[in-house]
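**Q** The structure that follows is given in the form of C-alpha cells.
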Amino acid sequence: MTMTTVIPANAGRTDPGYAGPPSAGGEELVPSRYAVRIGEIDVLVVSDGVLPLPTKMLGHNVDQAVRAAWLNDMFLPTDAFDWSLNAVVVRSGDQTILVDAGLGLDPNLNLPRAGLLVRRLEAVGIDLKTVTDVVLTHMHMDHVGGLLVDGVKEQLRPDLRIHVAAAEVKFWEAPDFTHVDMPQGFPDALRAAAKRFAQDYRSQLRLFDEEHQVAPGVIVQRTGGHTPGHSVVRMASGGDRLTFAGDAVFTVGFEHPDWHNGFEHDPEEAARVRVRLLRELAATGEQLIATHLPFPSVGRVAVDGDAFRWVPAFWDY
C-alpha cells in the first residue's frame, strides 16, 4: 500500500486554535491536520486537541506499579497522560463525511486544550455546510460535543445525515456506569452531552443495527464493548484499506490489550473487541487511525508474541 499526501484547501492558513506563533511560511509550528489517500478516498485527520487525564484511565484493572513501569518505559509521566483527540474528514464520491465531532466545550470539566475541531476545520478550509454526513463511533462527549457548540447546528445542512448504531442511542436513554472508572464529574457530563445530542439531532439520525454503507467504500460496523453501540469505520478503495477505530484501541492497548480503560462501559467485552480488531489489522496490513492514539495516529499493527506492536507510518509531506 502507498500513502500519498493530499494538500487540503487553504492549507497555508494559520490555525486560530493554535496559540503559538506561526512559522515564516504561515504554517503552524505544530500541525493539527494530516492527509492520506486510500485509493480514490481522501482522508484528513484533524486534531481536536488533547485531554489530560489520570494515568489510571489507561488500565484500572492493573496495579499502579505496573502502569508506572509501562509509562516509565515510554518516557511518560506517571501522574497524568495527554490523550490525543482525533477526528477525520472523509471525501468519497460527492459526499463529505465527518467521523466524530470532538469535545466541544464543557467549562465545568476545565479541559481548555481540547474542543478545537470546529475552528480547525474552518482553518483548513472545510465549510460545515459542505458536510453531507456525520458518522459517530459512539456518543461519549468527546465524540459528539463539537456538534453541541453554540452556532454549529445552524451552519450544518438541514438534510445532514448522522449515522450511529441504534444500540448506542438506546444505551444512552438509561446508561450504565457501574463498570467504568472515570474522574469525578465525567459521568454527569457524559450523560448530559448524550441527552442533549439526542434531543437536538433526533430528526437527522440514521440508525443502523450492525453495518451500514455510508458512501462508496466507506462502511460503519458496530463492535460494541467500549459502549454497546461503539462502531468502527472501514474504508477501502483501489486495493488500499484503512480503519478508523474510535475508542476500540488506546496507546497502551497494543502491548496490553487486556488492560481495562476507565471509560469502557463493558471492559471485558471491550478487551475482546480490541484483540479481535488488532488481530485482523495485523493480518490485513491495513492502516489504522484511532481517536486517542498520538496525532496523526496513522500506522499499522504487527503481532508481537501474545500481544501487538504499533508501527507508526512515516510522515509523507
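Every chain in the C-alpha cells has a letter given in the order shown (A, B, ...), and although residue numbers restart at 1 in each chain, ligands are simply numbered from 1 in the order shown.
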Would you mind listing what lies within 7 Å of Asp100 in chain A as number ranges by chain, with only C-alpha atoms counted and same-chain residues fewer than 5 positions away left out?
**A** A: 87, 134-137, 143-144
**Q** Within 12 Å of Gly305 in chain A, counting only C-alpha atoms, which residues show up once you throw out same-chain ones fewer than 6 positions away? Write them as a list in words, please.
**A** Phe254, Glu255, His256 and Arg279 of chain A
**Q** Mind the document's chain letters and residue numbers, and return as a ChimeraX atom specification the residues of range 63-166 of chain A that DSSP labels helix (DSSP H, G or I).
**A** /A:64-73,107-109,117-123,128-130,141-148,152-155,166
**Q** Take the residues from that selection and put them in a file with C-alpha atoms, as a PDB file, in the first residue's frame.
**A**
ATOM      1  CA  GLN A  64      -0.365   1.153  39.944  1.00  0.00           C
ATOM      2  CA  ALA A  65       3.264  -0.014  39.894  1.00  0.00           C
ATOM      3  CA  VAL A  66       2.617  -1.999  36.706  1.00  0.00           C
ATOM      4  CA  ARG A  67       1.129   1.054  34.999  1.00  0.00           C
ATOM      5  CA  ALA A  68       4.012   3.198  36.229  1.00  0.00           C
ATOM      6  CA  ALA A  69       6.529   0.741  34.784  1.00  0.00           C
ATOM      7  CA  TRP A  70       4.883   0.941  31.355  1.00  0.00           C
ATOM      8  CA  LEU A  71       4.782   4.736  31.489  1.00  0.00           C
ATOM      9  CA  ASN A  72       8.446   4.888  32.503  1.00  0.00           C
ATOM     10  CA  ASP A  73       9.338   2.614  29.601  1.00  0.00           C
ATOM     11  CA  PRO A 107     -16.270  24.623  31.224  1.00  0.00           C
ATOM     12  CA  ASN A 108     -17.209  22.533  34.264  1.00  0.00           C
ATOM     13  CA  LEU A 109     -14.505  19.986  33.433  1.00  0.00           C
ATOM     14  CA  LEU A 117     -12.208  20.816  15.943  1.00  0.00           C
ATOM     15  CA  VAL A 118     -14.698  23.341  14.577  1.00  0.00           C
ATOM     16  CA  ARG A 119     -12.097  26.106  14.438  1.00  0.00           C
ATOM     17  CA  ARG A 120      -9.559  23.794  12.855  1.00  0.00           C
ATOM     18  CA  LEU A 121     -11.999  22.650  10.179  1.00  0.00           C
ATOM     19  CA  GLU A 122     -12.552  26.299   9.351  1.00  0.00           C
ATOM     20  CA  ALA A 123      -8.792  26.916   9.292  1.00  0.00           C
ATOM     21  CA  LEU A 128     -19.568  22.901   7.744  1.00  0.00           C
ATOM     22  CA  LYS A 129     -22.242  23.421   5.075  1.00  0.00           C
ATOM     23  CA  THR A 130     -20.328  21.041   2.793  1.00  0.00           C
ATOM     24  CA  MET A 141     -18.999  13.739  24.796  1.00  0.00           C
ATOM     25  CA  ASP A 142     -15.536  13.869  23.183  1.00  0.00           C
ATOM     26  CA  HIS A 143     -17.141  12.433  20.021  1.00  0.00           C
ATOM     27  CA  VAL A 144     -20.396  14.431  19.865  1.00  0.00           C
ATOM     28  CA  GLY A 145     -19.531  17.650  21.714  1.00  0.00           C
ATOM     29  CA  GLY A 146     -18.408  19.572  18.649  1.00  0.00           C
ATOM     30  CA  LEU A 147     -21.957  19.368  17.325  1.00  0.00           C
ATOM     31  CA  LEU A 148     -23.235  20.997  20.521  1.00  0.00           C
ATOM     32  CA  VAL A 152     -22.719  24.906  14.880  1.00  0.00           C
ATOM     33  CA  LYS A 153     -26.114  23.345  14.167  1.00  0.00           C
ATOM     34  CA  GLU A 154     -27.165  26.476  12.302  1.00  0.00           C
ATOM     35  CA  GLN A 155     -24.171  26.061   9.976  1.00  0.00           C
ATOM     36  CA  ALA A 166     -29.259   2.001  17.180  1.00  0.00           C
TER      37      ALA A 166
END
**Q** Quick one: residues within 6 Å of range 284-288 of chain A, only C-alpha atoms, excluding same-chain residues fewer than 6 positions away - as number ranges by chain?
**A** A: 241-243, 298-300
**Q** I want to know what sits within 7 Å of range 260-274 of chain A, based on only C-alpha atoms, with residues of the same chain fewer than 3 positions away left out; could you give that as a compact mmCIF listing (two decimals) with N, CA and C atoms, in the first residue's frame?
**A**
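What ended up in out03.txt:
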# COMPACT_ATOMS: atom_id res chain seq x y z
N MET A 57 -6.64 5.81 34.07
CA MET A 57 -7.59 5.57 32.99
C MET A 57 -7.06 4.59 31.96
N LEU A 58 -5.74 4.42 31.90
CA LEU A 58 -5.14 3.52 30.91
C LEU A 58 -5.31 2.06 31.27
N GLY A 59 -5.54 1.75 32.55
CA GLY A 59 -5.67 0.36 32.96
C GLY A 59 -6.01 0.26 34.43
N HIS A 60 -7.29 0.41 34.75
CA HIS A 60 -7.66 0.44 36.16
C HIS A 60 -7.75 -0.96 36.77
N ASN A 61 -7.54 -2.00 35.96
CA ASN A 61 -7.56 -3.37 36.49
C ASN A 61 -6.16 -3.92 36.75
N PHE A 177 -23.19 2.97 34.27
CA PHE A 177 -21.83 3.39 34.58
C PHE A 177 -21.19 2.52 35.67
N HIS A 179 -19.43 -0.17 35.59
CA HIS A 179 -18.14 -0.82 35.33
C HIS A 179 -17.06 0.15 34.89
N VAL A 180 -17.35 1.44 34.87
CA VAL A 180 -16.35 2.42 34.47
C VAL A 180 -15.54 2.87 35.67
N ASP A 181 -14.45 3.57 35.42
CA ASP A 181 -13.62 4.14 36.48
C ASP A 181 -13.14 5.50 35.99
N MET A 182 -14.04 6.49 36.03
CA MET A 182 -13.80 7.81 35.45
C MET A 182 -13.50 8.84 36.53
N THR A 223 -19.13 -2.62 16.83
CA THR A 223 -18.27 -3.57 17.55
C THR A 223 -18.77 -3.83 18.96
N GLY A 225 -18.68 -3.20 23.11
CA GLY A 225 -17.53 -3.20 24.03
C GLY A 225 -17.37 -1.90 24.77
N HIS A 226 -16.71 -0.96 24.16
CA HIS A 226 -16.47 0.34 24.80
C HIS A 226 -17.80 0.95 25.25
N THR A 227 -18.74 0.98 24.35
CA THR A 227 -20.16 1.21 24.65
C THR A 227 -20.92 0.19 23.82
N ALA A 248 -11.80 1.84 20.29
CA ALA A 248 -11.52 0.42 20.45
C ALA A 248 -10.06 0.17 20.81
N VAL A 249 -9.18 1.12 20.46
CA VAL A 249 -7.74 0.94 20.66
C VAL A 249 -7.17 2.20 21.32
N PRO A 257 -3.49 -5.43 25.62
CA PRO A 257 -4.89 -5.32 25.18
C PRO A 257 -5.90 -5.74 26.25
N LEU A 277 -9.96 -7.02 16.74
CA LEU A 277 -9.67 -5.99 15.76
C LEU A 277 -8.17 -5.93 15.46
N LEU A 278 -7.34 -5.97 16.49
CA LEU A 278 -5.90 -5.88 16.27
C LEU A 278 -5.38 -7.09 15.50
**Q** Sort by chain and increasing residue number a table of all residues of range 119-226 of chain A within 6 Å of range 93-98 of chain A, each with its closest pair of atoms and their distance in Å to one decimal, counting only C-alpha atoms, and write it as a tab-separated table.
**A**
residue	atom	partner	partner_atom	distance
A:Val131	CA	A:Thr96	CA	4.9
A:Thr132	CA	A:Thr96	CA	5.4
A:Asp133	CA	A:Ile97	CA	4.7
A:Val134	CA	A:Leu98	CA	4.7
**Q** Please dump the current selection as a PDB file, in the first residue's frame; keep N, CA, C and O atoms.
**A**
ATOM      1  N   VAL A 131     -20.517  19.468   4.656  1.00  0.00           N
ATOM      2  CA  VAL A 131     -20.553  18.128   5.255  1.00  0.00           C
ATOM      3  C   VAL A 131     -21.916  17.506   4.980  1.00  0.00           C
ATOM      4  O   VAL A 131     -22.953  18.050   5.383  1.00  0.00           O
ATOM      5  N   THR A 132     -21.917  16.376   4.279  1.00  0.00           N
ATOM      6  CA  THR A 132     -23.167  15.706   3.939  1.00  0.00           C
ATOM      7  C   THR A 132     -23.566  14.665   4.976  1.00  0.00           C
ATOM      8  O   THR A 132     -24.755  14.349   5.122  1.00  0.00           O
ATOM      9  N   ASP A 133     -22.554  14.103   5.672  1.00  0.00           N
ATOM     10  CA  ASP A 133     -22.808  13.016   6.614  1.00  0.00           C
ATOM     11  C   ASP A 133     -21.889  13.159   7.824  1.00  0.00           C
ATOM     12  O   ASP A 133     -20.745  13.628   7.699  1.00  0.00           O
ATOM     13  N   VAL A 134     -22.384  12.730   8.965  1.00  0.00           N
ATOM     14  CA  VAL A 134     -21.574  12.572  10.164  1.00  0.00           C
ATOM     15  C   VAL A 134     -21.709  11.117  10.607  1.00  0.00           C
ATOM     16  O   VAL A 134     -22.820  10.570  10.625  1.00  0.00           O
TER      17      VAL A 134
END
**Q** So how far away is CA of Arg309 in chain A from CA of Trp259 in chain A, in Å?
**A**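 Between these atoms lies a distance of 15.1 Å.
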**Q** Check the smallest atom-to-atom distance from each of A:Phe197, A:Gly185, A:Ala35, A:Leu76 to Gly104 in chain A using only C-alpha atoms, then report the winner.
**A**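 Smallest distance to Gly104 in chain A is found for A:Phe197.
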**Q** So that I can check the surroundings of Thr251 in chain A, please list as a list in words every protein, DNA and RNA residue that reaches within 9 Å of it, counting only C-alpha atoms and ignoring chain neighbours fewer than 4 positions away.
**A**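 In the requested format, the answer is Leu58, Trp83, Glu255, His292, Leu293, Pro294 and Trp310 of chain A.
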**Q** Write the residues of the preceding selection, restricted to N, CA, C and O atoms, as a PDB file, in the first residue's frame.
**A**
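The resulting result_17.pdb:
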ATOM      1  N   LEU A  58      -5.736   4.421  31.897  1.00  0.00           N
ATOM      2  CA  LEU A  58      -5.139   3.521  30.907  1.00  0.00           C
ATOM      3  C   LEU A  58      -5.309   2.055  31.269  1.00  0.00           C
ATOM      4  O   LEU A  58      -5.186   1.185  30.401  1.00  0.00           O
ATOM      5  N   TRP A  83      -4.201  12.531  26.357  1.00  0.00           N
ATOM      6  CA  TRP A  83      -4.864  11.745  25.326  1.00  0.00           C
ATOM      7  C   TRP A  83      -5.111  12.628  24.109  1.00  0.00           C
ATOM      8  O   TRP A  83      -5.766  13.666  24.213  1.00  0.00           O
ATOM      9  N   GLU A 255       0.400  -3.339  23.546  1.00  0.00           N
ATOM     10  CA  GLU A 255       1.187  -4.206  24.425  1.00  0.00           C
ATOM     11  C   GLU A 255       0.330  -4.887  25.480  1.00  0.00           C
ATOM     12  O   GLU A 255       0.641  -6.002  25.909  1.00  0.00           O
ATOM     13  N   HIS A 292      -7.671   8.217  20.135  1.00  0.00           N
ATOM     14  CA  HIS A 292      -6.779   8.600  21.224  1.00  0.00           C
ATOM     15  C   HIS A 292      -5.334   8.135  21.042  1.00  0.00           C
ATOM     16  O   HIS A 292      -4.561   8.172  22.002  1.00  0.00           O
ATOM     17  N   LEU A 293      -4.969   7.707  19.832  1.00  0.00           N
ATOM     18  CA  LEU A 293      -3.565   7.468  19.553  1.00  0.00           C
ATOM     19  C   LEU A 293      -2.893   8.800  19.252  1.00  0.00           C
ATOM     20  O   LEU A 293      -3.531   9.729  18.767  1.00  0.00           O
ATOM     21  N   PRO A 294      -1.593   8.923  19.503  1.00  0.00           N
ATOM     22  CA  PRO A 294      -0.921  10.208  19.281  1.00  0.00           C
ATOM     23  C   PRO A 294      -1.097  10.693  17.844  1.00  0.00           C
ATOM     24  O   PRO A 294      -0.914   9.926  16.897  1.00  0.00           O
ATOM     25  N   TRP A 310       2.586  -1.401  17.742  1.00  0.00           N
ATOM     26  CA  TRP A 310       2.147  -0.258  16.937  1.00  0.00           C
ATOM     27  C   TRP A 310       3.295   0.182  16.048  1.00  0.00           C
ATOM     28  O   TRP A 310       4.411   0.427  16.513  1.00  0.00           O
TER      29      TRP A 310
END
**Q** Which residue, A:Val88, A:Leu156, A:Val99, A:Val46, has the smallest gap to Ala114 in chain A when you use only C-alpha atoms?
**A**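 Of all the options, A:Val46 lies closest to Ala114 in chain A.
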**Q** Check the smallest atom-to-atom distance from each of A:Lys56, A:Arg113, A:Arg161, A:His140 to Tyr201 in chain A using only C-alpha atoms, then report the winner.
**A**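 Looking at the shortest contact to Tyr201 in chain A, the residue is A:Arg161.
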**Q** For a test of reading the model, state the distance in Å between CA of Glu173 in chain A and CA of Arg234 in chain A, rounded to one decimal.
**A**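 That distance, rounded to one decimal, is 27.3 Å.
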**Q** If DSSP is run on the backbone, what residues of range 21-187 of chain A are strand (DSSP E)? A reply as a ChimeraX atom specification would be ideal.
**A** /A:33-38,41-54,80-92,95-99,133-135,161-165
**Q** Grab the residues selected above and save them as a tab-separated table (two decimals), in the first residue's frame with N, CA and C atoms.
**A**
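Contents of the output file selection_18.tsv:
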chain	number	residue	atom	x	y	z
A	33	ARG	N	-3.45	18.87	11.36
A	33	ARG	CA	-4.13	18.03	10.38
A	33	ARG	C	-3.11	17.27	9.56
A	34	TYR	N	-3.56	16.13	9.04
A	34	TYR	CA	-2.67	15.28	8.26
A	34	TYR	C	-3.52	14.51	7.25
A	35	ALA	N	-3.10	14.52	5.99
A	35	ALA	CA	-3.93	13.96	4.92
A	35	ALA	C	-3.32	12.68	4.36
A	36	VAL	N	-4.17	11.70	4.11
A	36	VAL	CA	-3.77	10.47	3.43
A	36	VAL	C	-4.80	10.18	2.35
A	37	ARG	N	-4.44	9.29	1.44
A	37	ARG	CA	-5.36	8.91	0.38
A	37	ARG	C	-5.47	7.39	0.35
A	38	ILE	N	-6.69	6.91	0.37
A	38	ILE	CA	-6.98	5.50	0.30
A	38	ILE	C	-7.67	5.24	-1.04
A	41	ILE	N	-10.36	7.62	-2.13
A	41	ILE	CA	-10.95	8.25	-0.95
A	41	ILE	C	-9.93	9.15	-0.27
A	42	ASP	N	-10.29	10.40	-0.04
A	42	ASP	CA	-9.44	11.34	0.70
A	42	ASP	C	-9.78	11.26	2.19
A	43	VAL	N	-8.75	11.20	3.03
A	43	VAL	CA	-8.94	11.14	4.48
A	43	VAL	C	-8.07	12.22	5.10
A	44	LEU	N	-8.69	13.10	5.88
A	44	LEU	CA	-7.95	14.15	6.57
A	44	LEU	C	-8.13	13.97	8.07
A	45	VAL	N	-7.02	13.70	8.77
A	45	VAL	CA	-7.06	13.59	10.23
A	45	VAL	C	-6.95	15.00	10.80
A	46	VAL	N	-7.86	15.36	11.69
A	46	VAL	CA	-7.86	16.69	12.30
A	46	VAL	C	-7.83	16.53	13.81
A	47	SER	N	-6.89	17.21	14.45
A	47	SER	CA	-6.78	17.14	15.91
A	47	SER	C	-7.78	18.08	16.57
A	48	ASP	N	-8.51	17.53	17.53
A	48	ASP	CA	-9.41	18.34	18.35
A	48	ASP	C	-8.69	18.87	19.58
A	49	GLY	N	-7.42	18.47	19.77
A	49	GLY	CA	-6.65	18.86	20.94
A	49	GLY	C	-6.28	17.65	21.77
A	50	VAL	N	-6.03	17.87	23.04
A	50	VAL	CA	-5.64	16.77	23.94
A	50	VAL	C	-6.42	16.88	25.25
A	51	LEU	N	-6.61	15.71	25.89
A	51	LEU	CA	-7.26	15.63	27.19
A	51	LEU	C	-6.25	15.14	28.21
A	52	PRO	N	-5.88	15.95	29.20
A	52	PRO	CA	-5.01	15.45	30.28
A	52	PRO	C	-5.84	14.68	31.29
A	53	LEU	N	-5.53	13.40	31.45
A	53	LEU	CA	-6.32	12.53	32.32
A	53	LEU	C	-5.41	11.74	33.24
A	54	PRO	N	-5.91	11.30	34.39
A	54	PRO	CA	-5.09	10.46	35.28
A	54	PRO	C	-4.67	9.18	34.57
A	80	ALA	N	-0.23	11.97	35.06
A	80	ALA	CA	-1.25	12.35	34.09
A	80	ALA	C	-0.75	12.09	32.69
A	81	PHE	N	-1.68	11.78	31.81
A	81	PHE	CA	-1.35	11.37	30.44
A	81	PHE	C	-2.20	12.18	29.48
A	82	ASP	N	-1.57	12.76	28.46
A	82	ASP	CA	-2.30	13.54	27.46
A	82	ASP	C	-2.88	12.62	26.40
A	83	TRP	N	-4.20	12.53	26.36
A	83	TRP	CA	-4.86	11.75	25.33
A	83	TRP	C	-5.11	12.63	24.11
A	84	SER	N	-4.61	12.21	22.97
A	84	SER	CA	-4.96	12.90	21.74
A	84	SER	C	-6.44	12.73	21.45
A	85	LEU	N	-7.00	13.70	20.73
A	85	LEU	CA	-8.38	13.63	20.27
A	85	LEU	C	-8.36	13.84	18.76
A	86	ASN	N	-8.56	12.77	18.02
A	86	ASN	CA	-8.51	12.83	16.56
A	86	ASN	C	-9.88	12.56	15.96
A	87	ALA	N	-10.25	13.36	14.98
A	87	ALA	CA	-11.42	13.10	14.15
A	87	ALA	C	-10.93	13.03	12.71
A	88	VAL	N	-11.77	12.54	11.81
A	88	VAL	CA	-11.36	12.51	10.40
A	88	VAL	C	-12.48	13.05	9.52
A	89	VAL	N	-12.05	13.67	8.42
A	89	VAL	CA	-12.96	14.09	7.36
A	89	VAL	C	-12.68	13.20	6.17
A	90	VAL	N	-13.71	12.56	5.65
A	90	VAL	CA	-13.57	11.61	4.55
A	90	VAL	C	-14.33	12.15	3.34
A	91	ARG	N	-13.68	12.14	2.19
A	91	ARG	CA	-14.35	12.53	0.95
A	91	ARG	C	-14.39	11.31	0.04
A	92	SER	N	-15.60	10.86	-0.26
A	92	SER	CA	-15.80	9.71	-1.14
A	92	SER	C	-16.93	10.05	-2.09
A	95	GLN	N	-19.69	12.88	-1.48
A	95	GLN	CA	-20.02	13.02	-0.07
A	95	GLN	C	-18.80	13.46	0.74
A	96	THR	N	-19.05	14.34	1.70
A	96	THR	CA	-18.04	14.75	2.67
A	96	THR	C	-18.53	14.31	4.03
A	97	ILE	N	-17.75	13.44	4.67
A	97	ILE	CA	-18.19	12.75	5.89
A	97	ILE	C	-17.28	13.13	7.04
A	98	LEU	N	-17.87	13.63	8.11
A	98	LEU	CA	-17.13	13.91	9.34
A	98	LEU	C	-17.31	12.70	10.26
A	99	VAL	N	-16.21	12.08	10.64
A	99	VAL	CA	-16.27	10.95	11.55
A	99	VAL	C	-15.87	11.44	12.94
A	133	ASP	N	-22.55	14.10	5.67
A	133	ASP	CA	-22.81	13.02	6.61
A	133	ASP	C	-21.89	13.16	7.82
A	134	VAL	N	-22.38	12.73	8.97
A	134	VAL	CA	-21.57	12.57	10.16
A	134	VAL	C	-21.71	11.12	10.61
A	135	VAL	N	-20.59	10.48	10.92
A	135	VAL	CA	-20.60	9.14	11.49
A	135	VAL	C	-20.07	9.24	12.91
A	161	ARG	N	-27.10	13.88	7.34
A	161	ARG	CA	-27.37	12.55	7.87
A	161	ARG	C	-26.35	12.21	8.94
A	162	ILE	N	-26.81	11.80	10.12
A	162	ILE	CA	-25.93	11.42	11.22
A	162	ILE	C	-26.11	9.93	11.47
A	163	HIS	N	-25.06	9.17	11.19
A	163	HIS	CA	-25.12	7.72	11.26
A	163	HIS	C	-24.57	7.25	12.61
A	164	VAL	N	-25.37	6.49	13.34
A	164	VAL	CA	-24.95	5.98	14.64
A	164	VAL	C	-25.71	4.69	14.89
A	165	ALA	N	-25.09	3.76	15.60
A	165	ALA	CA	-25.73	2.48	15.87
A	165	ALA	C	-26.97	2.66	16.74
**Q** For Ala194 in chain A, which residue out of A:Ala282, A:Ile289, A:Leu103, A:Val233 is the nearest one, using only C-alpha atoms?
**A**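 Checking each candidate against Ala194 in chain A, we get A:Leu103 as the closest.
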**Q** One number please: CA of Asp209 in chain A to CA of Gly246 in chain A, in Å, one decimal.
**A**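 About the pair CA of Asp209 in chain A and CA of Gly246 in chain A: they are 17.5 Å apart.
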